[in-house]
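Text of my_file-v9.cif (mmCIF, C-alpha atoms) as supplied:
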data_coords
loop_
_atom_site.group_PDB
_atom_site.id
_atom_site.type_symbol
_atom_site.label_atom_id
_atom_site.label_comp_id
_atom_site.auth_asym_id
_atom_site.auth_seq_id
_atom_site.Cartn_x
_atom_site.Cartn_y
_atom_site.Cartn_z
ATOM 1 C CA MET E 443 0.000 0.000 0.000
ATOM 2 C CA ALA E 444 1.176 3.554 -0.696
ATOM 3 C CA ASN E 445 0.033 7.145 -0.943
ATOM 4 C CA GLU E 446 -2.705 6.783 1.624
ATOM 5 C CA ILE E 447 -4.113 10.125 2.765
ATOM 6 C CA THR E 448 -3.654 10.183 6.523
ATOM 7 C CA PHE E 449 -3.691 13.013 9.029
ATOM 8 C CA SER E 450 0.064 12.806 9.468
ATOM 9 C CA SER E 451 0.623 13.004 5.720
ATOM 10 C CA LEU E 452 -1.489 16.087 5.092
ATOM 11 C CA GLY E 453 1.471 18.296 5.972
ATOM 12 C CA ASP E 454 0.764 21.871 4.848
ATOM 13 C CA LEU E 455 -2.993 21.259 4.871
ATOM 14 C CA THR E 456 -3.182 21.033 8.654
ATOM 15 C CA THR E 457 -2.023 22.948 11.684
ATOM 16 C CA SER E 458 -0.465 21.397 14.732
ATOM 17 C CA GLU E 459 -3.320 22.603 16.922
ATOM 18 C CA ARG E 460 -6.436 24.746 16.815
ATOM 19 C CA LEU E 461 -7.805 27.240 19.297
ATOM 20 C CA ALA E 462 -10.904 26.275 21.228
ATOM 21 C CA GLY E 463 -14.003 28.406 20.892
ATOM 22 C CA ILE E 464 -13.636 29.461 24.516
ATOM 23 C CA HIS E 465 -10.920 31.089 26.581
ATOM 24 C CA LEU E 466 -9.982 30.851 30.225
ATOM 25 C CA LEU E 467 -8.890 33.773 32.360
ATOM 26 C CA LEU E 468 -5.750 33.235 34.367
ATOM 27 C CA LEU E 469 -6.385 33.178 38.095
ATOM 28 C CA ALA E 470 -6.251 36.602 39.743
ATOM 29 C CA ASP E 471 -7.908 38.463 42.597
ATOM 30 C CA ARG E 472 -10.504 40.566 40.752
ATOM 31 C CA THR E 473 -12.442 41.748 43.814
ATOM 32 C CA ALA E 474 -13.109 45.440 44.437
ATOM 33 C CA LEU E 475 -13.161 47.714 47.469
ATOM 34 C CA PRO E 476 -16.722 47.320 48.776
ATOM 35 C CA GLN E 477 -19.176 50.134 49.368
ATOM 36 C CA HIS E 478 -19.105 49.653 53.128
ATOM 37 C CA PRO E 479 -19.655 52.275 55.864
ATOM 38 C CA ALA E 480 -16.186 51.508 57.254
ATOM 39 C CA CYS E 481 -14.650 52.727 53.968
ATOM 40 C CA ILE E 482 -15.410 56.445 54.028
ATOM 41 C CA TYR E 483 -15.370 58.343 50.749
ATOM 42 C CA ALA E 484 -13.764 61.748 51.270
ATOM 43 C CA GLY E 485 -14.648 63.158 47.863
ATOM 44 C CA SER E 486 -13.093 64.034 44.526
ATOM 45 C CA VAL E 487 -10.178 66.399 43.934
ATOM 46 C CA THR E 488 -11.622 67.443 40.583
ATOM 47 C CA GLY E 489 -11.679 71.247 40.413
ATOM 48 C CA SER E 490 -10.374 71.582 43.977
ATOM 49 C CA GLY E 491 -7.007 73.183 43.165
ATOM 50 C CA SER E 492 -5.076 70.342 44.828
ATOM 51 C CA ASN E 493 -4.576 66.598 44.454
ATOM 52 C CA VAL E 494 -4.613 66.227 48.265
ATOM 53 C CA ILE E 495 -7.784 66.035 50.360
ATOM 54 C CA LYS E 496 -7.508 66.882 54.051
ATOM 55 C CA VAL E 497 -9.960 65.105 56.347
ATOM 56 C CA PRO E 498 -10.294 66.838 59.761
ATOM 57 C CA HIS E 499 -10.675 64.896 63.005
ATOM 58 C CA ALA E 500 -12.527 66.664 65.810
ATOM 59 C CA GLY E 501 -12.820 65.704 69.483
ATOM 60 C CA LEU E 502 -16.502 66.576 69.826
ATOM 61 C CA MET E 503 -19.822 64.862 70.596
ATOM 62 C CA GLY E 504 -18.824 63.532 74.002
ATOM 63 C CA TYR E 505 -15.078 63.258 73.436
ATOM 64 C CA ASP E 506 -14.525 65.537 76.486
ATOM 65 C CA LEU E 507 -16.648 65.145 79.618
ATOM 66 C CA LEU E 508 -18.173 67.919 81.672
ATOM 67 C CA SER E 509 -16.234 68.848 84.827
ATOM 68 C CA VAL E 510 -17.718 69.480 88.258
ATOM 69 C CA THR E 511 -17.860 73.236 88.838
ATOM 70 C CA SER E 512 -18.618 74.973 92.109
ATOM 71 C CA GLU E 513 -21.565 77.343 92.311
ATOM 72 C CA GLY E 514 -20.471 80.860 91.406
ATOM 73 C CA SER E 515 -17.127 79.709 89.960
ATOM 74 C CA GLN E 516 -16.039 80.381 86.412
ATOM 75 C CA VAL E 517 -15.751 77.317 84.226
ATOM 76 C CA SER E 518 -12.355 76.777 82.633
ATOM 77 C CA ASN E 519 -11.881 76.421 78.901
ATOM 78 C CA THR E 520 -11.503 72.942 77.471
ATOM 79 C CA ALA E 521 -9.012 72.619 74.643
ATOM 80 C CA LEU E 522 -10.542 71.281 71.443
ATOM 81 C CA THR E 523 -8.628 68.182 70.398
ATOM 82 C CA ASP E 524 -8.174 67.922 66.658
ATOM 83 C CA SER E 525 -6.037 66.278 63.991
ATOM 84 C CA SER E 526 -6.347 65.384 60.321
ATOM 85 C CA THR E 527 -5.616 62.873 57.599
ATOM 86 C CA GLN E 528 -4.338 63.689 54.130
ATOM 87 C CA ILE E 529 -5.263 61.605 51.092
ATOM 88 C CA THR E 530 -3.051 62.054 48.059
ATOM 89 C CA VAL E 531 -4.815 61.246 44.797
ATOM 90 C CA ALA E 532 -2.329 59.928 42.229
ATOM 91 C CA ARG E 533 -2.512 58.641 38.672
ATOM 92 C CA TYR E 534 -2.500 54.897 38.087
ATOM 93 C CA SER E 535 -2.079 53.696 34.504
ATOM 94 C CA LYS E 536 -1.227 50.779 32.272
ATOM 95 C CA VAL E 537 -0.997 50.081 28.544
ATOM 96 C CA TYR E 538 -1.306 47.028 26.321
ATOM 97 C CA GLN E 539 0.251 47.520 22.877
ATOM 98 C CA PRO E 540 -0.462 44.765 20.325
ATOM 99 C CA GLY E 541 1.042 44.895 16.854
ATOM 100 C CA ASP E 542 -0.997 44.862 13.667
ATOM 101 C CA THR E 543 -0.034 41.295 12.813
ATOM 102 C CA ALA E 544 -1.150 40.071 16.222
ATOM 103 C CA ARG E 545 -4.504 41.788 15.749
ATOM 104 C CA ILE E 546 -4.910 40.370 12.238
ATOM 105 C CA VAL E 547 -4.275 36.732 13.145
ATOM 106 C CA ASP E 548 -6.006 36.828 16.537
ATOM 107 C CA ALA E 549 -8.448 33.923 16.636
ATOM 108 C CA THR E 550 -9.540 34.410 20.241
ATOM 109 C CA GLY E 551 -11.403 37.673 19.787
ATOM 110 C CA LEU E 552 -9.568 39.028 22.819
ATOM 111 C CA ILE E 553 -7.156 41.465 21.225
ATOM 112 C CA ASN E 554 -9.603 44.276 20.585
ATOM 113 C CA LEU E 555 -10.862 47.539 21.992
ATOM 114 C CA ASP E 556 -13.862 46.103 23.870
ATOM 115 C CA THR E 557 -11.782 43.557 25.779
ATOM 116 C CA PHE E 558 -9.177 46.085 26.861
ATOM 117 C CA ALA E 559 -11.882 48.591 27.850
ATOM 118 C CA MET E 560 -13.506 46.027 30.133
ATOM 119 C CA ASP E 561 -10.082 45.206 31.543
ATOM 120 C CA ALA E 562 -9.620 48.907 32.345
ATOM 121 C CA ILE E 563 -12.775 48.927 34.483
ATOM 122 C CA VAL E 564 -11.914 45.753 36.397
ATOM 123 C CA SER E 565 -8.307 46.858 36.891
ATOM 124 C CA GLN E 566 -9.361 50.200 38.386
ATOM 125 C CA ALA E 567 -11.491 48.435 40.991
ATOM 126 C CA SER E 568 -8.780 45.888 41.796
ATOM 127 C CA THR E 569 -6.154 48.614 42.114
ATOM 128 C CA MET E 570 -8.311 50.504 44.626
ATOM 129 C CA LEU E 571 -8.656 47.348 46.722
ATOM 130 C CA ASN E 572 -4.909 46.797 46.503
ATOM 131 C CA LEU E 573 -4.292 50.319 47.825
ATOM 132 C CA ALA E 574 -6.697 49.730 50.720
ATOM 133 C CA ALA E 575 -5.130 46.383 51.607
ATOM 134 C CA ASN E 576 -1.728 48.043 51.814
ATOM 135 C CA VAL E 577 -3.060 50.742 54.158
ATOM 136 C CA VAL E 578 -5.064 48.839 56.767
ATOM 137 C CA ASP E 579 -2.082 46.678 57.665
ATOM 138 C CA ASP E 580 -0.518 49.833 59.145
ATOM 139 C CA PHE E 581 -2.808 50.062 62.182
ATOM 140 C CA THR E 582 -0.681 50.231 65.329
ATOM 141 C CA ALA E 583 -2.835 47.810 67.311
ATOM 142 C CA TYR E 584 -2.652 44.212 66.161
ATOM 143 C CA GLN E 585 -3.586 40.696 67.167
ATOM 144 C CA GLY E 586 -1.987 37.412 66.229
ATOM 145 C CA THR E 587 1.450 35.886 66.542
ATOM 146 C CA SER E 588 4.075 35.840 63.818
ATOM 147 C CA GLY E 589 4.489 32.401 62.305
ATOM 148 C CA GLN E 590 1.290 31.017 63.848
ATOM 149 C CA ASP E 591 -1.998 30.343 62.084
ATOM 150 C CA ALA E 592 -4.830 32.822 62.551
ATOM 151 C CA THR E 593 -7.375 31.703 65.124
ATOM 152 C CA PHE E 594 -10.923 32.567 66.048
ATOM 153 C CA ALA E 595 -9.491 34.006 69.269
ATOM 154 C CA ASN E 596 -7.387 36.445 67.189
ATOM 155 C CA PHE E 597 -10.563 37.530 65.412
ATOM 156 C CA LEU E 598 -12.411 38.087 68.686
ATOM 157 C CA ASP E 599 -9.432 39.848 70.263
ATOM 158 C CA ALA E 600 -9.287 42.284 67.345
ATOM 159 C CA ILE E 601 -12.956 43.141 67.903
ATOM 160 C CA THR E 602 -12.295 43.614 71.625
ATOM 161 C CA THR E 603 -9.362 45.886 70.810
ATOM 162 C CA LEU E 604 -11.677 48.115 68.775
ATOM 163 C CA GLU E 605 -14.357 48.112 71.449
ATOM 164 C CA THR E 606 -11.747 49.044 74.065
ATOM 165 C CA ALA E 607 -10.708 51.980 71.878
ATOM 166 C CA SER E 608 -14.388 53.102 71.706
ATOM 167 C CA ALA E 609 -14.626 52.362 67.973
ATOM 168 C CA VAL E 610 -18.234 52.094 66.827
ATOM 169 C CA GLY E 611 -19.352 49.785 64.020
ATOM 170 C CA PRO E 612 -20.353 48.621 61.541
ATOM 171 C CA LEU E 613 -17.071 46.770 61.377
ATOM 172 C CA MET E 614 -15.331 45.532 58.244
ATOM 173 C CA GLY E 615 -12.636 42.904 58.032
ATOM 174 C CA LEU E 616 -10.199 42.371 55.161
ATOM 175 C CA LEU E 617 -8.187 39.174 55.502
ATOM 176 C CA HIS E 618 -5.957 37.105 53.269
ATOM 177 C CA SER E 619 -7.575 33.857 52.139
ATOM 178 C CA ILE E 620 -5.022 31.909 54.198
ATOM 179 C CA GLN E 621 -5.979 33.844 57.327
ATOM 180 C CA TRP E 622 -9.695 33.342 56.769
ATOM 181 C CA GLY E 623 -9.126 29.672 55.990
ATOM 182 C CA ASP E 624 -7.228 29.225 59.246
ATOM 183 C CA ILE E 625 -9.999 30.936 61.224
ATOM 184 C CA ARG E 626 -12.627 28.845 59.440
ATOM 185 C CA LYS E 627 -10.689 25.676 60.265
ATOM 186 C CA ASP E 628 -10.323 26.753 63.878
ATOM 187 C CA VAL E 629 -14.064 27.313 64.178
ATOM 188 C CA ALA E 630 -14.861 24.008 62.446
ATOM 189 C CA SER E 631 -12.596 22.040 64.757
ATOM 190 C CA ALA E 632 -13.713 23.754 67.981
ATOM 191 C CA SER E 633 -14.553 21.185 70.625
ATOM 192 C CA GLY E 634 -16.621 23.395 72.879
ATOM 193 C CA GLY E 635 -17.991 26.822 73.596
ATOM 194 C CA ALA E 636 -21.009 28.649 72.251
ATOM 195 C CA ILE E 637 -19.395 29.210 68.883
ATOM 196 C CA GLN E 638 -19.532 25.484 68.096
ATOM 197 C CA TRP E 639 -23.333 25.536 67.922
ATOM 198 C CA ASN E 640 -23.711 29.049 66.569
ATOM 199 C CA GLN E 641 -25.804 29.243 63.392
ATOM 200 C CA GLY E 642 -23.438 31.810 61.913
ATOM 201 C CA SER E 643 -20.509 29.483 62.463
ATOM 202 C CA GLN E 644 -22.222 26.730 60.520
ATOM 203 C CA ALA E 645 -23.012 29.124 57.692
ATOM 204 C CA MET E 646 -19.384 30.270 57.653
ATOM 205 C CA ILE E 647 -18.176 26.687 57.293
ATOM 206 C CA ASN E 648 -20.767 25.728 54.688
ATOM 207 C CA ALA E 649 -20.211 28.760 52.451
ATOM 208 C CA MET E 650 -16.977 28.253 50.540
ATOM 209 C CA LYS E 651 -17.238 31.384 48.411
ATOM 210 C CA GLY E 652 -13.734 31.951 47.135
ATOM 211 C CA LEU E 653 -12.489 35.530 47.355
ATOM 212 C CA GLY E 654 -14.566 38.594 48.182
ATOM 213 C CA TYR E 655 -17.498 38.905 50.579
ATOM 214 C CA GLN E 656 -17.695 36.023 53.035
ATOM 215 C CA GLY E 657 -20.695 37.180 55.044
ATOM 216 C CA GLU E 658 -21.355 38.624 58.491
ATOM 217 C CA PHE E 659 -19.448 36.920 61.266
ATOM 218 C CA CYS E 660 -19.512 38.060 64.895
ATOM 219 C CA GLY E 661 -20.763 41.472 63.790
ATOM 220 C CA VAL E 662 -18.032 41.943 61.159
ATOM 221 C CA SER E 663 -18.550 42.144 57.402
ATOM 222 C CA VAL E 664 -15.721 39.865 56.309
ATOM 223 C CA TYR E 665 -14.008 40.193 52.935
ATOM 224 C CA THR E 666 -11.052 38.198 51.693
ATOM 225 C CA SER E 667 -8.410 39.242 49.205
ATOM 226 C CA ASN E 668 -5.082 37.787 48.204
ATOM 227 C CA ARG E 669 -3.852 41.367 47.820
ATOM 228 C CA VAL E 670 -3.512 41.577 51.608
ATOM 229 C CA PRO E 671 0.226 42.254 52.028
ATOM 230 C CA THR E 672 2.913 40.250 53.731
ATOM 231 C CA ALA E 673 4.619 41.259 56.969
ATOM 232 C CA ASN E 674 7.687 40.259 58.962
ATOM 233 C CA SER E 675 9.872 39.519 55.920
ATOM 234 C CA ALA E 676 7.009 37.734 54.134
ATOM 235 C CA ALA E 677 6.565 35.248 56.991
ATOM 236 C CA ASP E 678 3.071 36.550 57.743
ATOM 237 C CA ARG E 679 0.019 38.181 56.202
ATOM 238 C CA ALA E 680 -1.398 41.400 57.646
ATOM 239 C CA GLY E 681 -5.153 41.730 57.373
ATOM 240 C CA ALA E 682 -7.277 43.966 59.579
ATOM 241 C CA ILE E 683 -10.642 44.746 61.102
ATOM 242 C CA TRP E 684 -11.684 48.376 61.326
ATOM 243 C CA ALA E 685 -14.581 50.696 62.084
ATOM 244 C CA PRO E 686 -15.751 53.861 60.288
ATOM 245 C CA GLY E 687 -12.933 56.370 60.599
ATOM 246 C CA GLY E 688 -10.194 53.819 60.101
ATOM 247 C CA LEU E 689 -9.905 54.119 56.322
ATOM 248 C CA VAL E 690 -10.709 56.992 53.962
ATOM 249 C CA TRP E 691 -10.390 57.190 50.193
ATOM 250 C CA ALA E 692 -10.715 59.758 47.446
ATOM 251 C CA ASP E 693 -10.597 59.930 43.665
ATOM 252 C CA ALA E 694 -11.018 62.255 40.702
ATOM 253 C CA ASN E 695 -12.966 62.444 37.482
ATOM 254 C CA VAL E 696 -10.697 61.935 34.496
ATOM 255 C CA PRO E 697 -10.223 64.830 32.034
ATOM 256 C CA TYR E 698 -11.895 64.470 28.632
ATOM 257 C CA ASP E 699 -11.720 66.824 25.651
ATOM 258 C CA GLY E 700 -13.955 64.981 23.219
ATOM 259 C CA ASP E 701 -11.120 63.017 21.589
ATOM 260 C CA PRO E 702 -12.725 60.278 19.427
ATOM 261 C CA ASN E 703 -9.915 57.908 20.485
ATOM 262 C CA ALA E 704 -10.642 58.399 24.193
ATOM 263 C CA TYR E 705 -13.487 56.938 26.231
ATOM 264 C CA VAL E 706 -14.658 57.845 29.730
ATOM 265 C CA LEU E 707 -15.728 54.768 31.689
ATOM 266 C CA LEU E 708 -17.088 53.937 35.139
ATOM 267 C CA ASN E 709 -19.022 57.191 35.575
ATOM 268 C CA GLY E 710 -16.013 59.333 34.792
ATOM 269 C CA LYS E 711 -13.471 57.480 36.927
ATOM 270 C CA VAL E 712 -11.523 55.733 34.142
ATOM 271 C CA LEU E 713 -10.024 57.207 30.972
ATOM 272 C CA PHE E 714 -9.455 54.604 28.281
ATOM 273 C CA GLU E 715 -7.512 55.703 25.205
ATOM 274 C CA ARG E 716 -6.433 54.223 21.911
ATOM 275 C CA ALA E 717 -2.983 55.476 20.855
ATOM 276 C CA ARG E 718 -1.777 54.613 17.374
ATOM 277 C CA SER E 719 1.950 54.359 16.592
ATOM 278 C CA ALA E 720 1.659 54.223 12.813
ATOM 279 C CA THR E 721 5.340 53.932 11.944
ATOM 280 C CA TYR E 722 5.689 50.912 14.237
ATOM 281 C CA GLY E 723 2.394 49.262 13.318
ATOM 282 C CA LEU E 724 1.315 49.255 16.962
ATOM 283 C CA THR E 725 -1.913 50.251 18.712
ATOM 284 C CA GLY E 726 -1.762 51.072 22.388
ATOM 285 C CA TYR E 727 -4.770 50.630 24.687
ATOM 286 C CA VAL E 728 -4.110 52.899 27.662
ATOM 287 C CA SER E 729 -5.996 53.049 30.977
ATOM 288 C CA HIS E 730 -5.803 55.871 33.529
ATOM 289 C CA ALA E 731 -7.491 56.331 36.909
ATOM 290 C CA TYR E 732 -6.885 58.755 39.780
ATOM 291 C CA MET E 733 -7.323 57.587 43.350
ATOM 292 C CA GLY E 734 -5.878 57.485 46.836
ATOM 293 C CA VAL E 735 -6.443 55.627 50.116
ATOM 294 C CA ALA E 736 -5.226 56.582 53.598
ATOM 295 C CA LYS E 737 -5.404 55.426 57.189
ATOM 296 C CA ALA E 738 -7.359 57.957 59.228
ATOM 297 C CA ILE E 739 -7.937 57.365 62.955
ATOM 298 C CA ASP E 740 -5.324 54.810 63.967
ATOM 299 C CA ALA E 741 -7.276 53.474 66.957
ATOM 300 C CA ALA E 742 -10.289 52.757 64.707
ATOM 301 C CA GLY E 743 -8.515 49.714 63.282
ATOM 302 C CA CYS E 744 -6.717 46.607 64.434
ATOM 303 C CA ALA E 745 -4.389 44.596 62.214
ATOM 304 C CA ILE E 746 -4.389 40.789 62.316
ATOM 305 C CA ILE E 747 -0.865 39.537 61.628
ATOM 306 C CA THR E 748 -0.544 35.777 61.348
ATOM 307 C CA ASP E 749 1.281 33.062 59.464
ATOM 308 C CA ALA E 750 1.340 33.312 55.679
#

Is it possible to give me this structure as structure tokens?
Amino acid sequence: MANEITFSSLGDLTTSERLAGIHLLLLADRTALPQHPACIYAGSVTGSGSNVIKVPHAGLMGYDLLSVTSEGSQVSNTALTDSSTQITVARYSKVYQPGDTARIVDATGLINLDTFAMDAIVSQASTMLNLAANVVDDFTAYQGTSGQDATFANFLDAITTLETASAVGPLMGLLHSIQWGDIRKDVASASGGAIQWNQGSQAMINAMKGLGYQGEFCGVSVYTSNRVPTANSAADRAGAIWAPGGLVWADANVPYDGDPNAYVLLNGKVLFERARSATYGLTGYVSHAYMGVAKAIDAAGCAIITDA
């Protein structure tokens, strides 16, 4: 037998592989900073004359107590305690720049304006969360022990620390997935105490939700993110629980002059531009956003620093 037409003999009539009609996104933390009362929005710097927003702190509404004063005596002045937090709004940008040939032969449908525009929106939200995660680990108060797994006791102690500092909820927690997993395991393996039979504990164990919002646990809105930073030379992760006043953030509306190659996204918070480099045969897809996050009242938060 000879000259049979087989797959291996087709040669130039076949390709070594074909692309599937679907695509898979690489794993990444795509969660966003939640709209939670513990994350206070301080405003936009647009038209303010500065890229820094100053948030005043005032010792009022019961901060100072009344003093006993004798009849007929003049009351002494009480000094007004005050301080402030500054939020610097900075530009955050990135660009993807595919060549013309890559765009021509693209069989995935991914290398196009719509895909990169959607990426710009998701990336802005993820960047804001990343900024927040790298701020709340700076609270002076902390619970946990370096090199040891996070425990339910650490979680409760952090809440107690806030209560002792007179912080008022609602409380928000942002923990690394390892920290939350350790706490979940600790609760699941508890051999006694009220928490073992608590309905919320069972719901916590049953709901394996991945990253993001995990639910309400012991009065805390718990969120997980793998953007929670390391601490102690990367031996630990540093999450936190905080009350309103612990974290503040600000942003700006992006400038837009009607350029047909520029698009304003996310209610004015993201500028997405197409920049053509004709002599190189390249098209750049550029994303810009302006934002800033800062720690405000230090005692309004408590870091949880435990084994990574």

Atom-to-atom span, atom CA of E:Asn554 and atom CA of E:Leu653, Å: 28.3 Å

Grab the atom CA of E:Val664 to atom CA of E:Ala682 distance for me, in Å with one decimal place.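 Computing it gives 9.9 Å between the two atoms.
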
How far is it from atom CA of E:Gly485 to atom CA of E:Leu613, in Å with one decimal?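 Interatomic distance, atom CA of E:Gly485 to atom CA of E:Leu613: 21.4 Å.
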
Report as a tab-separated table: every residue of stretch 518-542 of chain E with an atom at most 10 Å from stretch 546-553 of chain E, its closest pair of atoms, and their distance in Å to one decimal, counting all atoms listed in the file, with rows sorted by chain and ascending residue number.
residue	atom	partner	partner_atom	distance
E:Tyr538	CA	E:Ile553	CA	9.5
E:Gln539	CA	E:Ile553	CA	9.7
E:Pro540	CA	E:Ile553	CA	7.5
E:Gly541	CA	E:Ile546	CA	8.8
E:Asp542	CA	E:Ile546	CA	6.1

Counting only C-alpha atoms, what is within 8 Å of E:Ala738, bar same-chain residues fewer than 6 positions away, as a PyMOL selection string? chain E and resi 526-527+687-690

Residue nearest E:Tyr732 among E:Thr473, E:Ser663, E:Gln566, E:Thr603 (counting only C-alpha atoms): E:Gln566

Find the residues near E:Gly661: any atom within 10 Å, counting all atoms listed in the file, skip ones fewer than 6 places away on the same chain, and give them as a list of chain:residue names.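 Final neighbour list, sorted by chain and number: E:Ile601, E:Gly611, E:Pro612, E:Leu613, E:Met614.
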
Which residues, named as in the file, does the PyMOL selection byres ((chain E and resi 565) around 12) pick out? Answer as an MDAnalysis selection string. chainID E and resid 470:475 534:537 558:564 566:572 708 711:712 714 728:731

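Counting all atoms listed in the file and comparing E:Lys627, E:Arg716, E:Arg669, E:His478, the residue that lies closest to E:Asp701 is E:Arg716.
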
Could you tell me which of E:Ser458, E:Thr606, E:Thr530, E:Thr520 comes closest to E:Leu507 if we count only C-alpha atoms?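 Looking only at the distances to E:Leu507, the closest residue turns out to be E:Thr520.
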
Selected residue, from E:Ile482, E:Leu724, E:Ala680, E:Ala742, that lies nearest to E:Ala575 when counting only C-alpha atoms: E:Ala680

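Among E:Val735, E:Ile683, E:Ala704, E:Leu468, the residue with the shortest atom-to-atom distance to E:Lys496, counting only C-alpha atoms, is E:Val735.
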
Carefully work through the PyMOL selection byres ((chain E and resi 577) around 8) for this structure and note down the residues it includes, as a PDB file with C-alpha atoms, in the frame of the given file.
ATOM      1  CA  LEU E 573      -4.292  50.319  47.825  1.00  0.00           C
ATOM      2  CA  ALA E 574      -6.697  49.730  50.720  1.00  0.00           C
ATOM      3  CA  ALA E 575      -5.130  46.383  51.607  1.00  0.00           C
ATOM      4  CA  ASN E 576      -1.728  48.043  51.814  1.00  0.00           C
ATOM      5  CA  VAL E 578      -5.064  48.839  56.767  1.00  0.00           C
ATOM      6  CA  ASP E 579      -2.082  46.678  57.665  1.00  0.00           C
ATOM      7  CA  ASP E 580      -0.518  49.833  59.145  1.00  0.00           C
ATOM      8  CA  LEU E 689      -9.905  54.119  56.322  1.00  0.00           C
ATOM      9  CA  VAL E 735      -6.443  55.627  50.116  1.00  0.00           C
ATOM     10  CA  ALA E 736      -5.226  56.582  53.598  1.00  0.00           C
ATOM     11  CA  LYS E 737      -5.404  55.426  57.189  1.00  0.00           C
TER      12      LYS E 737
END

Applied to the shown file, which residues does the PyMOL selection byres ((chain E and resi 500) around 9) return, written as number ranges by chain? E: 498-499, 501-503, 505, 522-526

Test item: axis-aligned box, all listed atoms of stretch 691-710 of chain E, 8 Å on each side, centre and edges in Å rounded to one decimal, as JSON:
{"center_x": -14.5, "center_y": 60.4, "center_z": 34.8, "size_x": 25.1, "size_y": 28.9, "size_z": 46.8}

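If all atoms listed in the file are the atoms counted, then among E:Thr602, E:Thr748, E:Thr593, E:Asn695 the closest residue to E:Pro671 is E:Thr748.
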